[in-house]
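S.K.: Pasting query-v5.pdb below, which is PDB, C-alpha atoms.
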```
MODEL        1
ATOM      1  CA  MET A1283     -66.498 174.352 -64.434
ATOM      2  CA  SER A1284     -64.647 171.579 -62.705
ATOM      3  CA  GLU A1285     -62.515 173.776 -60.469
ATOM      4  CA  LYS A1286     -63.316 173.558 -56.781
ATOM      5  CA  LYS A1287     -65.348 176.368 -55.277
ATOM      6  CA  LYS A1288     -63.759 178.450 -52.564
ATOM      7  CA  ARG A1289     -65.315 178.051 -49.158
ATOM      8  CA  ILE A1290     -65.825 180.437 -46.240
ATOM      9  CA  ALA A1291     -66.803 179.289 -42.738
ATOM     10  CA  MET A1292     -67.910 181.793 -40.128
ATOM     11  CA  ILE A1293     -68.928 181.748 -36.495
ATOM     12  CA  ALA A1294     -71.506 184.358 -35.476
ATOM     13  CA  SER A1295     -71.547 184.745 -31.706
ATOM     14  CA  LYS A1296     -72.896 188.270 -31.288
ATOM     15  CA  ALA A1297     -76.308 189.759 -31.866
ATOM     16  CA  ASP A1298     -75.933 193.467 -31.447
ATOM     17  CA  ILE A1299     -76.429 195.381 -34.691
ATOM     18  CA  ALA A1300     -72.734 195.685 -35.564
ATOM     19  CA  GLY A1301     -71.981 192.087 -34.638
ATOM     20  CA  ALA A1302     -74.838 190.815 -36.783
ATOM     21  CA  TYR A1303     -73.935 192.791 -39.882
ATOM     22  CA  SER A1304     -70.381 191.500 -40.312
ATOM     23  CA  PRO A1305     -71.127 187.821 -40.974
ATOM     24  CA  LEU A1306     -74.159 188.595 -43.153
ATOM     25  CA  ILE A1307     -72.364 191.153 -45.323
ATOM     26  CA  LEU A1308     -69.517 188.714 -45.872
ATOM     27  CA  ALA A1309     -71.866 185.771 -46.416
ATOM     28  CA  THR A1310     -73.863 187.518 -49.132
ATOM     29  CA  THR A1311     -70.756 188.900 -50.825
ATOM     30  CA  ALA A1312     -68.982 185.545 -50.699
ATOM     31  CA  ALA A1313     -72.031 183.911 -52.267
ATOM     32  CA  ALA A1314     -71.963 186.570 -55.005
ATOM     33  CA  MET A1315     -68.315 185.627 -55.570
ATOM     34  CA  ASP A1316     -69.375 181.990 -56.017
ATOM     35  CA  TYR A1317     -67.995 180.821 -52.670
ATOM     36  CA  GLU A1318     -69.605 178.102 -50.607
ATOM     37  CA  VAL A1319     -70.786 179.734 -47.398
ATOM     38  CA  GLY A1320     -71.424 178.303 -43.950
ATOM     39  CA  ILE A1321     -72.248 180.131 -40.717
ATOM     40  CA  PHE A1322     -72.404 178.627 -37.247
ATOM     41  CA  PHE A1323     -74.735 180.686 -35.038
ATOM     42  CA  THR A1324     -73.796 180.277 -31.404
ATOM     43  CA  PHE A1325     -74.306 182.023 -28.050
ATOM     44  CA  PHE A1326     -75.907 185.434 -28.603
ATOM     45  CA  GLY A1327     -75.503 185.006 -32.339
ATOM     46  CA  LEU A1328     -78.247 182.382 -32.205
ATOM     47  CA  ASN A1329     -80.715 185.243 -31.741
ATOM     48  CA  MET A1330     -80.151 186.068 -35.381
ATOM     49  CA  LEU A1331     -81.939 182.849 -36.309
ATOM     50  CA  LYS A1332     -84.988 183.500 -34.169
ATOM     51  CA  LYS A1333     -88.098 184.191 -36.203
ATOM     52  CA  LYS A1334     -88.829 187.913 -36.702
ATOM     53  CA  LYS A1335     -85.952 188.884 -34.440
ATOM     54  CA  LEU A1336     -83.383 190.220 -36.880
ATOM     55  CA  ASN A1337     -84.756 193.706 -37.408
ATOM     56  CA  LYS A1338     -85.257 194.106 -33.657
ATOM     57  CA  LEU A1339     -81.606 193.718 -32.697
ATOM     58  CA  LYS A1340     -80.148 196.585 -30.700
ATOM     59  CA  VAL A1341     -76.858 198.277 -30.035
ATOM     60  CA  THR A1342     -75.749 199.216 -26.554
ATOM     61  CA  PRO A1343     -73.785 202.443 -26.025
ATOM     62  CA  VAL A1344     -72.019 200.901 -23.012
ATOM     63  CA  GLY A1345     -68.564 199.727 -24.004
ATOM     64  CA  GLN A1346     -68.918 201.110 -27.530
ATOM     65  CA  THR A1347     -66.355 203.835 -27.066
ATOM     66  CA  ALA A1348     -66.202 204.575 -30.784
ATOM     67  CA  MET A1349     -69.907 205.366 -31.176
ATOM     68  CA  PRO A1350     -70.280 208.760 -32.804
ATOM     69  CA  MET A1351     -72.308 209.981 -29.804
ATOM     70  CA  PRO A1352     -70.784 212.702 -27.675
ATOM     71  CA  ILE A1353     -71.877 211.264 -24.329
ATOM     72  CA  PRO A1354     -69.860 209.879 -21.425
ATOM     73  CA  GLN A1355     -69.882 206.087 -21.001
ATOM     74  CA  ILE A1356     -71.644 206.312 -17.630
ATOM     75  CA  VAL A1357     -74.699 207.914 -19.270
ATOM     76  CA  GLY A1358     -75.061 204.776 -21.367
ATOM     77  CA  VAL A1359     -76.349 202.769 -18.417
ATOM     78  CA  ILE A1360     -79.379 205.019 -17.907
ATOM     79  CA  PRO A1361     -82.578 203.180 -18.872
ATOM     80  CA  GLY A1362     -83.615 203.996 -22.421
ATOM     81  CA  MET A1363     -80.107 204.787 -23.641
ATOM     82  CA  THR A1364     -79.798 201.470 -25.473
ATOM     83  CA  ASP A1365     -83.046 202.159 -27.329
ATOM     84  CA  MET A1366     -81.870 205.641 -28.135
ATOM     85  CA  ALA A1367     -78.496 204.442 -29.438
ATOM     86  CA  THR A1368     -80.314 201.773 -31.449
ATOM     87  CA  MET A1369     -82.624 204.351 -32.968
ATOM     88  CA  MET A1370     -79.704 206.568 -33.924
ATOM     89  CA  MET A1371     -77.687 203.724 -35.362
ATOM     90  CA  ARG A1372     -80.651 202.553 -37.468
ATOM     91  CA  SER A1373     -81.128 206.050 -38.812
ATOM     92  CA  TRP A1374     -77.428 206.364 -39.704
ATOM     93  CA  MET A1375     -77.544 203.059 -41.522
ATOM     94  CA  LYS A1376     -80.723 203.986 -43.332
ATOM     95  CA  GLY A1377     -79.128 207.300 -44.305
ATOM     96  CA  ALA A1378     -76.196 205.435 -45.838
ATOM     97  CA  ASN A1379     -78.574 203.069 -47.670
ATOM     98  CA  VAL A1380     -77.207 200.002 -45.953
ATOM     99  CA  ALA A1381     -79.248 196.844 -46.521
ATOM    100  CA  LYS A1382     -81.466 195.718 -43.646
ATOM    101  CA  LEU A1383     -80.281 192.704 -41.660
ATOM    102  CA  GLN A1384     -83.368 190.734 -42.713
ATOM    103  CA  GLU A1385     -82.649 191.512 -46.362
ATOM    104  CA  LEU A1386     -79.078 190.196 -45.996
ATOM    105  CA  MET A1387     -80.279 187.085 -44.149
ATOM    106  CA  ASP A1388     -82.837 186.379 -46.897
ATOM    107  CA  LEU A1389     -80.112 186.681 -49.532
ATOM    108  CA  THR A1390     -77.831 184.420 -47.498
ATOM    109  CA  ILE A1391     -80.528 181.763 -47.283
ATOM    110  CA  GLU A1392     -81.442 182.179 -50.950
ATOM    111  CA  SER A1393     -77.799 181.608 -51.927
ATOM    112  CA  GLY A1394     -77.941 178.143 -50.395
ATOM    113  CA  ALA A1395     -75.577 178.873 -47.531
ATOM    114  CA  LYS A1396     -75.197 176.296 -44.794
ATOM    115  CA  ILE A1397     -76.802 177.780 -41.695
ATOM    116  CA  ILE A1398     -76.114 175.928 -38.480
ATOM    117  CA  ALA A1399     -77.877 176.672 -35.194
ATOM    118  CA  CYS A1400     -75.884 175.684 -32.133
ATOM    119  CA  GLN A1401     -77.687 172.923 -30.242
ATOM    120  CA  MET A1402     -75.832 173.632 -27.018
ATOM    121  CA  THR A1403     -76.911 177.289 -27.058
ATOM    122  CA  MET A1404     -80.500 176.185 -27.662
ATOM    123  CA  ASP A1405     -80.270 174.019 -24.547
ATOM    124  CA  VAL A1406     -78.643 176.740 -22.428
ATOM    125  CA  MET A1407     -81.066 179.469 -23.509
ATOM    126  CA  LYS A1408     -84.071 177.129 -23.651
ATOM    127  CA  ILE A1409     -84.759 177.878 -27.286
ATOM    128  CA  LYS A1410     -86.933 175.377 -29.150
ATOM    129  CA  ARG A1411     -86.412 174.416 -32.790
ATOM    130  CA  LYS A1412     -89.757 175.893 -33.750
ATOM    131  CA  GLN A1413     -88.643 179.332 -32.474
ATOM    132  CA  LEU A1414     -85.916 179.333 -35.108
ATOM    133  CA  ILE A1415     -86.319 179.978 -38.829
ATOM    134  CA  ASP A1416     -86.980 176.884 -40.949
ATOM    135  CA  ASP A1417     -83.910 177.424 -43.145
ATOM    136  CA  CYS A1418     -81.325 176.382 -40.572
ATOM    137  CA  GLU A1419     -80.024 173.039 -39.478
ATOM    138  CA  VAL A1420     -79.293 172.239 -35.858
ATOM    139  CA  GLY A1421     -75.839 170.979 -35.042
ATOM    140  CA  GLY A1422     -72.824 171.227 -32.829
ATOM    141  CA  ALA A1423     -69.112 171.868 -32.925
ATOM    142  CA  ALA A1424     -68.454 168.768 -35.028
ATOM    143  CA  THR A1425     -70.939 169.887 -37.695
ATOM    144  CA  PHE A1426     -69.188 173.232 -38.006
ATOM    145  CA  LEU A1427     -65.679 171.783 -37.926
ATOM    146  CA  GLU A1428     -66.500 169.273 -40.627
ATOM    147  CA  PHE A1429     -67.580 172.143 -42.896
ATOM    148  CA  ALA A1430     -64.758 174.472 -41.779
ATOM    149  CA  SER A1431     -62.049 171.859 -42.345
ATOM    150  CA  GLY A1432     -62.548 172.334 -46.059
ATOM    151  CA  ALA A1433     -62.674 176.126 -45.884
ATOM    152  CA  ASP A1434     -60.294 178.615 -47.460
ATOM    153  CA  ILE A1435     -61.368 181.342 -45.049
ATOM    154  CA  THR A1436     -62.530 180.996 -41.450
ATOM    155  CA  LEU A1437     -63.760 183.978 -39.454
ATOM    156  CA  TYR A1438     -65.059 184.452 -35.950
ATOM    157  CA  PHE A1439     -67.461 187.241 -35.051
TER     158      PHE A1439
ATOM    159  CA  MET B 386     -57.050 203.166 -60.360
ATOM    160  CA  VAL B 387     -59.882 204.277 -62.638
ATOM    161  CA  VAL B 388     -59.106 203.585 -66.273
ATOM    162  CA  ASP B 389     -60.925 205.787 -68.715
ATOM    163  CA  VAL B 390     -61.280 204.018 -72.002
ATOM    164  CA  GLY B 391     -62.871 207.055 -73.631
ATOM    165  CA  ASP B 392     -64.080 206.588 -77.191
ATOM    166  CA  LYS B 393     -63.947 202.831 -77.125
ATOM    167  CA  MET B 394     -67.014 203.035 -74.872
ATOM    168  CA  SER B 395     -69.360 203.539 -77.806
ATOM    169  CA  ASP B 396     -68.245 200.267 -79.409
ATOM    170  CA  ILE B 397     -69.460 198.246 -76.447
ATOM    171  CA  LYS B 398     -72.971 196.883 -76.744
ATOM    172  CA  ILE B 399     -74.883 196.984 -73.482
ATOM    173  CA  ALA B 400     -77.484 194.296 -72.867
ATOM    174  CA  LYS B 401     -78.610 195.560 -69.479
ATOM    175  CA  THR B 402     -78.125 198.568 -67.240
ATOM    176  CA  LEU B 403     -78.142 198.421 -63.447
ATOM    177  CA  ASP B 404     -78.543 201.562 -61.390
ATOM    178  CA  ALA B 405     -76.891 200.940 -58.010
ATOM    179  CA  LYS B 406     -76.384 204.616 -57.211
ATOM    180  CA  GLY B 407     -76.784 205.516 -53.552
ATOM    181  CA  LEU B 408     -76.409 201.917 -52.374
ATOM    182  CA  SER B 409     -73.802 200.912 -49.809
ATOM    183  CA  CYS B 410     -71.504 197.898 -49.801
ATOM    184  CA  PRO B 411     -72.253 195.089 -50.467
ATOM    185  CA  LEU B 412     -75.468 195.871 -52.353
ATOM    186  CA  PRO B 413     -73.892 197.054 -55.658
ATOM    187  CA  ILE B 414     -72.050 193.726 -55.895
ATOM    188  CA  LEU B 415     -75.049 191.641 -54.814
ATOM    189  CA  LYS B 416     -77.333 193.341 -57.328
ATOM    190  CA  THR B 417     -74.723 193.017 -60.077
ATOM    191  CA  LYS B 418     -74.409 189.299 -59.403
ATOM    192  CA  LYS B 419     -78.169 188.910 -59.665
ATOM    193  CA  ALA B 420     -78.442 191.070 -62.779
ATOM    194  CA  ILE B 421     -75.586 189.402 -64.661
ATOM    195  CA  MET B 422     -77.386 186.076 -64.401
ATOM    196  CA  GLU B 423     -80.208 187.657 -66.421
ATOM    197  CA  ILE B 424     -78.033 188.340 -69.482
ATOM    198  CA  SER B 425     -76.463 185.738 -71.757
ATOM    199  CA  VAL B 426     -72.827 184.689 -71.738
ATOM    200  CA  GLY B 427     -70.905 187.101 -73.953
ATOM    201  CA  GLU B 428     -73.248 190.028 -73.302
ATOM    202  CA  ASN B 429     -72.332 193.145 -71.335
ATOM    203  CA  ILE B 430     -73.936 194.696 -68.287
ATOM    204  CA  GLU B 431     -73.471 198.321 -67.359
ATOM    205  CA  VAL B 432     -73.513 199.270 -63.662
ATOM    206  CA  PHE B 433     -73.671 202.723 -62.090
ATOM    207  CA  SER B 434     -72.562 203.207 -58.469
ATOM    208  CA  THR B 435     -71.751 206.083 -56.156
ATOM    209  CA  ASP B 436     -69.825 203.891 -53.705
ATOM    210  CA  PRO B 437     -66.091 204.792 -53.883
ATOM    211  CA  GLY B 438     -65.288 201.340 -52.483
ATOM    212  CA  SER B 439     -66.882 199.808 -55.550
ATOM    213  CA  VAL B 440     -63.762 200.557 -57.635
ATOM    214  CA  ALA B 441     -61.739 197.939 -55.775
ATOM    215  CA  ASP B 442     -64.772 195.719 -55.192
ATOM    216  CA  PHE B 443     -65.709 195.352 -58.856
ATOM    217  CA  GLN B 444     -62.138 194.444 -59.744
ATOM    218  CA  ALA B 445     -62.073 191.832 -56.984
ATOM    219  CA  TRP B 446     -65.507 190.506 -57.836
ATOM    220  CA  THR B 447     -64.842 190.124 -61.560
ATOM    221  CA  SER B 448     -61.537 188.463 -60.821
ATOM    222  CA  ALA B 449     -63.205 186.044 -58.370
ATOM    223  CA  THR B 450     -66.094 185.144 -60.645
ATOM    224  CA  GLY B 451     -64.150 185.030 -63.901
ATOM    225  CA  ASN B 452     -66.285 187.708 -65.537
ATOM    226  CA  LYS B 453     -64.522 190.479 -67.430
ATOM    227  CA  LEU B 454     -64.386 194.115 -66.374
ATOM    228  CA  VAL B 455     -64.464 195.624 -69.851
ATOM    229  CA  ALA B 456     -64.512 199.268 -68.820
ATOM    230  CA  ASN B 457     -64.613 201.465 -65.767
ATOM    231  CA  SER B 458     -64.748 205.196 -65.453
ATOM    232  CA  GLU B 459     -65.795 207.915 -63.050
ATOM    233  CA  GLU B 460     -67.541 211.191 -63.661
ATOM    234  CA  GLY B 461     -68.825 213.545 -61.004
ATOM    235  CA  GLY B 462     -68.744 210.896 -58.267
ATOM    236  CA  ILE B 463     -70.626 208.353 -60.354
ATOM    237  CA  TYR B 464     -68.732 205.201 -61.207
ATOM    238  CA  ARG B 465     -69.595 203.275 -64.343
ATOM    239  CA  TYR B 466     -68.598 199.683 -64.914
ATOM    240  CA  VAL B 467     -69.119 197.509 -67.943
ATOM    241  CA  ILE B 468     -68.819 193.817 -67.230
ATOM    242  CA  LYS B 469     -68.904 191.041 -69.794
ATOM    243  CA  ARG B 470     -70.501 187.812 -68.642
ATOM    244  CA  ILE B 471     -67.971 185.072 -69.312
ATOM    245  CA  LYS B 472     -69.725 182.110 -67.690
TER     246      LYS B 472
ENDMDL
END
```
Could the structure of this file be written out as structure tokens, please?
M.R.:
Amino acid sequence: MSEKKKRIAMIASKADIAGAYSPLILATTAAAMDYEVGIFFTFFGLNMLKKKKLNKLKVTPVGQTAMPMPIPQIVGVIPGMTDMATMMMRSWMKGANVAKLQELMDLTIESGAKIIACQMTMDVMKIKRKQLIDDCEVGGAATFLEFASGADITLYF
Amino acid sequence: MVVDVGDKMSDIKIAKTLDAKGLSCPLPILKTKKAIMEISVGENIEVFSTDPGSVADFQAWTSATGNKLVANSEEGGIYRYVIKRIK
């Protein structure tokens, strides 16, 4: 096979449950379709690269007006509501047999995807390299752009 | 878009069967990718799924990877795909 592989470059900037799923579902599927995959984890998205963090991500009911929960937005700010929404969301996803985030991340890593942790975010949030999983490289905007310049698909989450 | 190839089904030799029933997107595709690497080029894999989205997904996936969707059918909410490993 001499034909050039397709390439997808993504930016993951969120770390609530829904925001974390999108890049990982697309990364694993793209890898299964023989694409080259690269993800730049920045701002809150960097949390996805913290060790043992992935299955602890939450979802907040505040601002999520499409959550299938019949409660007014104002109730969402009551302490404990985020944990409750998270619990419900996890149970819905389990009920639909959706893969766990950690499972998708493992498959992404296994596929040889380029995983870039944003150095600037590490500085801002005082995150040390050793707090992040071993399978990522640390880089900045230029590292991502260099990869993304050769991409067929670029997505921002 | 489901094409029932009926009797021709029995002529197809299956090297491996993957049960992806009950799994949500993208797991049927991910598991198929993994499983197809375990058969030889030219052999067929049979996949069962209950995900209605898999109809479009298996067509897209085979077209992207160059493998051949030999047969697809649906019965009672269970989708069956036969894919020939081309490379």
S.K.: Determine, counting only C-alpha atoms, every residue of protein, DNA or RNA that lies within 10 Å of (-71.8, 183.2, -56.0) in the file coordinates, then give the result as a list in words.
M.R.: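 Residues satisfying the cut-off, written out: Lys1287, Lys1288, Ala1309, Thr1310, Thr1311, Ala1312, Ala1313, Ala1314, Met1315, Asp1316, Tyr1317, Glu1318, Val1319, Ser1393 and Gly1394 of chain A; Leu415, Lys418, Lys419, Trp446, Ala449 and Thr450 of chain B.
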S.K.: Output C-alpha atoms for every residue in the selection just made, as a PDB file, in the frame of the given file.
M.R.:
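As a result, out06.pdb now contains:
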```
ATOM      1  CA  LYS A1287     -65.348 176.368 -55.277  1.00  0.00           C
ATOM      2  CA  LYS A1288     -63.759 178.450 -52.564  1.00  0.00           C
ATOM      3  CA  ALA A1309     -71.866 185.771 -46.416  1.00  0.00           C
ATOM      4  CA  THR A1310     -73.863 187.518 -49.132  1.00  0.00           C
ATOM      5  CA  THR A1311     -70.756 188.900 -50.825  1.00  0.00           C
ATOM      6  CA  ALA A1312     -68.982 185.545 -50.699  1.00  0.00           C
ATOM      7  CA  ALA A1313     -72.031 183.911 -52.267  1.00  0.00           C
ATOM      8  CA  ALA A1314     -71.963 186.570 -55.005  1.00  0.00           C
ATOM      9  CA  MET A1315     -68.315 185.627 -55.570  1.00  0.00           C
ATOM     10  CA  ASP A1316     -69.375 181.990 -56.017  1.00  0.00           C
ATOM     11  CA  TYR A1317     -67.995 180.821 -52.670  1.00  0.00           C
ATOM     12  CA  GLU A1318     -69.605 178.102 -50.607  1.00  0.00           C
ATOM     13  CA  VAL A1319     -70.786 179.734 -47.398  1.00  0.00           C
ATOM     14  CA  SER A1393     -77.799 181.608 -51.927  1.00  0.00           C
ATOM     15  CA  GLY A1394     -77.941 178.143 -50.395  1.00  0.00           C
TER      16      GLY A1394
ATOM     17  CA  LEU B 415     -75.049 191.641 -54.814  1.00  0.00           C
ATOM     18  CA  LYS B 418     -74.409 189.299 -59.403  1.00  0.00           C
ATOM     19  CA  LYS B 419     -78.169 188.910 -59.665  1.00  0.00           C
ATOM     20  CA  TRP B 446     -65.507 190.506 -57.836  1.00  0.00           C
ATOM     21  CA  ALA B 449     -63.205 186.044 -58.370  1.00  0.00           C
ATOM     22  CA  THR B 450     -66.094 185.144 -60.645  1.00  0.00           C
TER      23      THR B 450
END
```
S.K.: Excluding region 1360-1365 of chain A and its own-chain neighbours fewer than 6 positions away, which residues fall within 8 Å of it when counting only C-alpha atoms? Please give them as an mmCIF file with C-alpha atoms, in the coordinates of the input.
M.R.:
```
data_model
loop_
_atom_site.group_PDB
_atom_site.id
_atom_site.type_symbol
_atom_site.label_atom_id
_atom_site.label_comp_id
_atom_site.auth_asym_id
_atom_site.auth_seq_id
_atom_site.Cartn_x
_atom_site.Cartn_y
_atom_site.Cartn_z
ATOM 1 C CA LYS A 1340 -80.148 196.585 -30.700
ATOM 2 C CA VAL A 1341 -76.858 198.277 -30.035
ATOM 3 C CA THR A 1342 -75.749 199.216 -26.554
ATOM 4 C CA PRO A 1343 -73.785 202.443 -26.025
#
```
S.K.: One decimal, in Å: what's the spacing between CA of Asn1379 (chain A) and CA of Asp436 (chain B)?
M.R.: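 Rounded to one decimal, the two atoms are 10.7 Å apart.
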S.K.: Identify all residues satisfying the PyMOL selection byres ((chain A and resi 1433-1436) around 10) in the given file; provide them as a list of chain:residue names.
M.R.: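 On the file shown, the PyMOL selection byres ((chain A and resi 1433-1436) around 10) covers A:Lys1287, A:Lys1288, A:Arg1289, A:Ile1290, A:Ala1291, A:Met1292, A:Ile1293, A:Tyr1317, A:Glu1318, A:Val1319, A:Gly1320, A:Ile1321, A:Leu1427, A:Glu1428, A:Phe1429, A:Ala1430, A:Ser1431, A:Gly1432, A:Leu1437, A:Tyr1438.
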S.K.: Would you pick out the contacts of Lys398 (chain B) at 12 Å or less, using only C-alpha atoms, so that residues sharing its chain but fewer than 3 positions from it are not included, and give the list as a list in words?
M.R.: Lys393, Met394, Ser395, Lys401, Thr402, Gly427, Glu428, Asn429, Ile430, Glu431, Val455, Ala456, Val467, Ile468 and Lys469 of chain B
S.K.: Output the contact residues of chain B with respect to chain A at a cut-off of 12 Å, based on all atoms listed in the file, as a PyMOL selection string.
M.R.: chain B and resi 405-422+435-436+442-452+471-472
S.K.: Considering all atoms listed in the file, state which residue in the set A:Asn1337, A:Lys1382, A:Ala1399, A:Ser1304 is at the smallest distance from Gln1413 (chain A).
M.R.: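 Using all atoms listed in the file, the shortest distance to Gln1413 (chain A) belongs to A:Ala1399.
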S.K.: Write out as a ChimeraX atom specification which residues come within 12 Å of Met1349 (chain A) when counting all atoms listed in the file, dropping same-chain ones fewer than 5 positions away.
M.R.: /A:1300,1341-1344,1354-1355,1358,1367-1368,1370-1371,1374
S.K.: With all atoms listed in the file as the counted atoms, please give the residues lying no more than 6 Å from region 1322-1330 of chain A, apart from itself and same-chain residues fewer than 6 positions off, as a ChimeraX atom specification.
M.R.: /A:1293-1297,1336,1398-1400,1403
S.K.: CA of Tyr466 (chain B) and CA of Val440 (chain B) are how many Å apart?
M.R.: 8.8 Å
S.K.: Please, what distance in Å, to one decimal, runs between CA of Lys1332 (chain A) and CA of Arg1372 (chain A)?
M.R.: 19.8 Å
S.K.: Provide an axis-aligned box for all listed atoms of region 457-461 of chain B, padding each side by 4 Å; report its centre and its edge lengths in Å to one decimal, as JSON.
M.R.:
```
{"center_x": -66.7, "center_y": 207.5, "center_z": -63.4, "size_x": 12.2, "size_y": 20.1, "size_z": 12.8}
```
S.K.: Name the residues that the PyMOL selection byres ((chain B and resi 461) around 12) pulls out of this structure, and write them as a ChimeraX atom specification.
M.R.: /B:433-435,437,458-460,462-465
S.K.: Show me, as a count of residues only, the residues that have an atom within 8 Å of Met1402 (chain A) when counting all atoms listed in the file, minus same-chain residues fewer than 3 positions from it.
M.R.: 3
S.K.: Starting from the sparse input, extend region 1369-1389 of chain A to N, CA and C atoms and give the output as an mmCIF file, keeping the file's coordinate frame.
M.R.:
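To be explicit, this is the file written out as selection.cif:
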```cif
data_model
loop_
_atom_site.group_PDB
_atom_site.id
_atom_site.type_symbol
_atom_site.label_atom_id
_atom_site.label_comp_id
_atom_site.auth_asym_id
_atom_site.auth_seq_id
_atom_site.Cartn_x
_atom_site.Cartn_y
_atom_site.Cartn_z
ATOM 1 N N MET A 1369 -81.877 203.509 -32.046
ATOM 2 C CA MET A 1369 -82.624 204.351 -32.968
ATOM 3 C C MET A 1369 -81.675 205.179 -33.846
ATOM 4 N N MET A 1370 -80.656 205.730 -33.183
ATOM 5 C CA MET A 1370 -79.704 206.568 -33.924
ATOM 6 C C MET A 1370 -78.926 205.742 -34.922
ATOM 7 N N MET A 1371 -78.478 204.571 -34.476
ATOM 8 C CA MET A 1371 -77.687 203.724 -35.362
ATOM 9 C C MET A 1371 -78.507 203.313 -36.585
ATOM 10 N N ARG A 1372 -79.772 202.936 -36.343
ATOM 11 C CA ARG A 1372 -80.651 202.553 -37.468
ATOM 12 C C ARG A 1372 -80.805 203.711 -38.447
ATOM 13 N N SER A 1373 -80.918 204.926 -37.900
ATOM 14 C CA SER A 1373 -81.128 206.050 -38.812
ATOM 15 C C SER A 1373 -79.851 206.367 -39.600
ATOM 16 N N TRP A 1374 -78.680 206.168 -38.952
ATOM 17 C CA TRP A 1374 -77.428 206.364 -39.704
ATOM 18 C C TRP A 1374 -77.328 205.355 -40.839
ATOM 19 N N MET A 1375 -77.700 204.111 -40.521
ATOM 20 C CA MET A 1375 -77.544 203.059 -41.522
ATOM 21 C C MET A 1375 -78.531 203.263 -42.664
ATOM 22 N N LYS A 1376 -79.711 203.710 -42.312
ATOM 23 C CA LYS A 1376 -80.723 203.986 -43.332
ATOM 24 C C LYS A 1376 -80.237 205.139 -44.221
ATOM 25 N N GLY A 1377 -79.636 206.151 -43.573
ATOM 26 C CA GLY A 1377 -79.128 207.300 -44.305
ATOM 27 C C GLY A 1377 -78.052 206.910 -45.302
ATOM 28 N N ALA A 1378 -77.275 205.881 -44.953
ATOM 29 C CA ALA A 1378 -76.196 205.435 -45.838
ATOM 30 C C ALA A 1378 -76.673 204.341 -46.788
ATOM 31 N N ASN A 1379 -77.997 204.098 -46.793
ATOM 32 C CA ASN A 1379 -78.574 203.069 -47.670
ATOM 33 C C ASN A 1379 -77.952 201.690 -47.484
ATOM 34 N N VAL A 1380 -77.728 201.332 -46.243
ATOM 35 C CA VAL A 1380 -77.207 200.002 -45.953
ATOM 36 C C VAL A 1380 -78.397 199.037 -45.957
ATOM 37 N N ALA A 1381 -78.176 197.832 -46.473
ATOM 38 C CA ALA A 1381 -79.248 196.844 -46.521
ATOM 39 C C ALA A 1381 -79.697 196.504 -45.103
ATOM 40 N N LYS A 1382 -80.981 196.162 -44.961
ATOM 41 C CA LYS A 1382 -81.466 195.718 -43.646
ATOM 42 C C LYS A 1382 -80.922 194.318 -43.357
ATOM 43 N N LEU A 1383 -80.782 194.021 -42.059
ATOM 44 C CA LEU A 1383 -80.281 192.704 -41.660
ATOM 45 C C LEU A 1383 -81.139 191.584 -42.248
ATOM 46 N N GLN A 1384 -82.474 191.780 -42.201
ATOM 47 C CA GLN A 1384 -83.368 190.734 -42.713
ATOM 48 C C GLN A 1384 -83.143 190.500 -44.207
ATOM 49 N N GLU A 1385 -82.893 191.607 -44.925
ATOM 50 C CA GLU A 1385 -82.649 191.512 -46.362
ATOM 51 C C GLU A 1385 -81.388 190.676 -46.631
ATOM 52 N N LEU A 1386 -80.332 190.938 -45.830
ATOM 53 C CA LEU A 1386 -79.078 190.196 -45.996
ATOM 54 C C LEU A 1386 -79.253 188.731 -45.611
ATOM 55 N N MET A 1387 -80.034 188.477 -44.556
ATOM 56 C CA MET A 1387 -80.279 187.085 -44.149
ATOM 57 C C MET A 1387 -81.050 186.344 -45.247
ATOM 58 N N ASP A 1388 -82.064 187.005 -45.819
ATOM 59 C CA ASP A 1388 -82.837 186.379 -46.897
ATOM 60 C C ASP A 1388 -81.938 186.019 -48.072
ATOM 61 N N LEU A 1389 -81.026 186.933 -48.419
ATOM 62 C CA LEU A 1389 -80.112 186.681 -49.532
ATOM 63 C C LEU A 1389 -79.144 185.548 -49.201
#
```
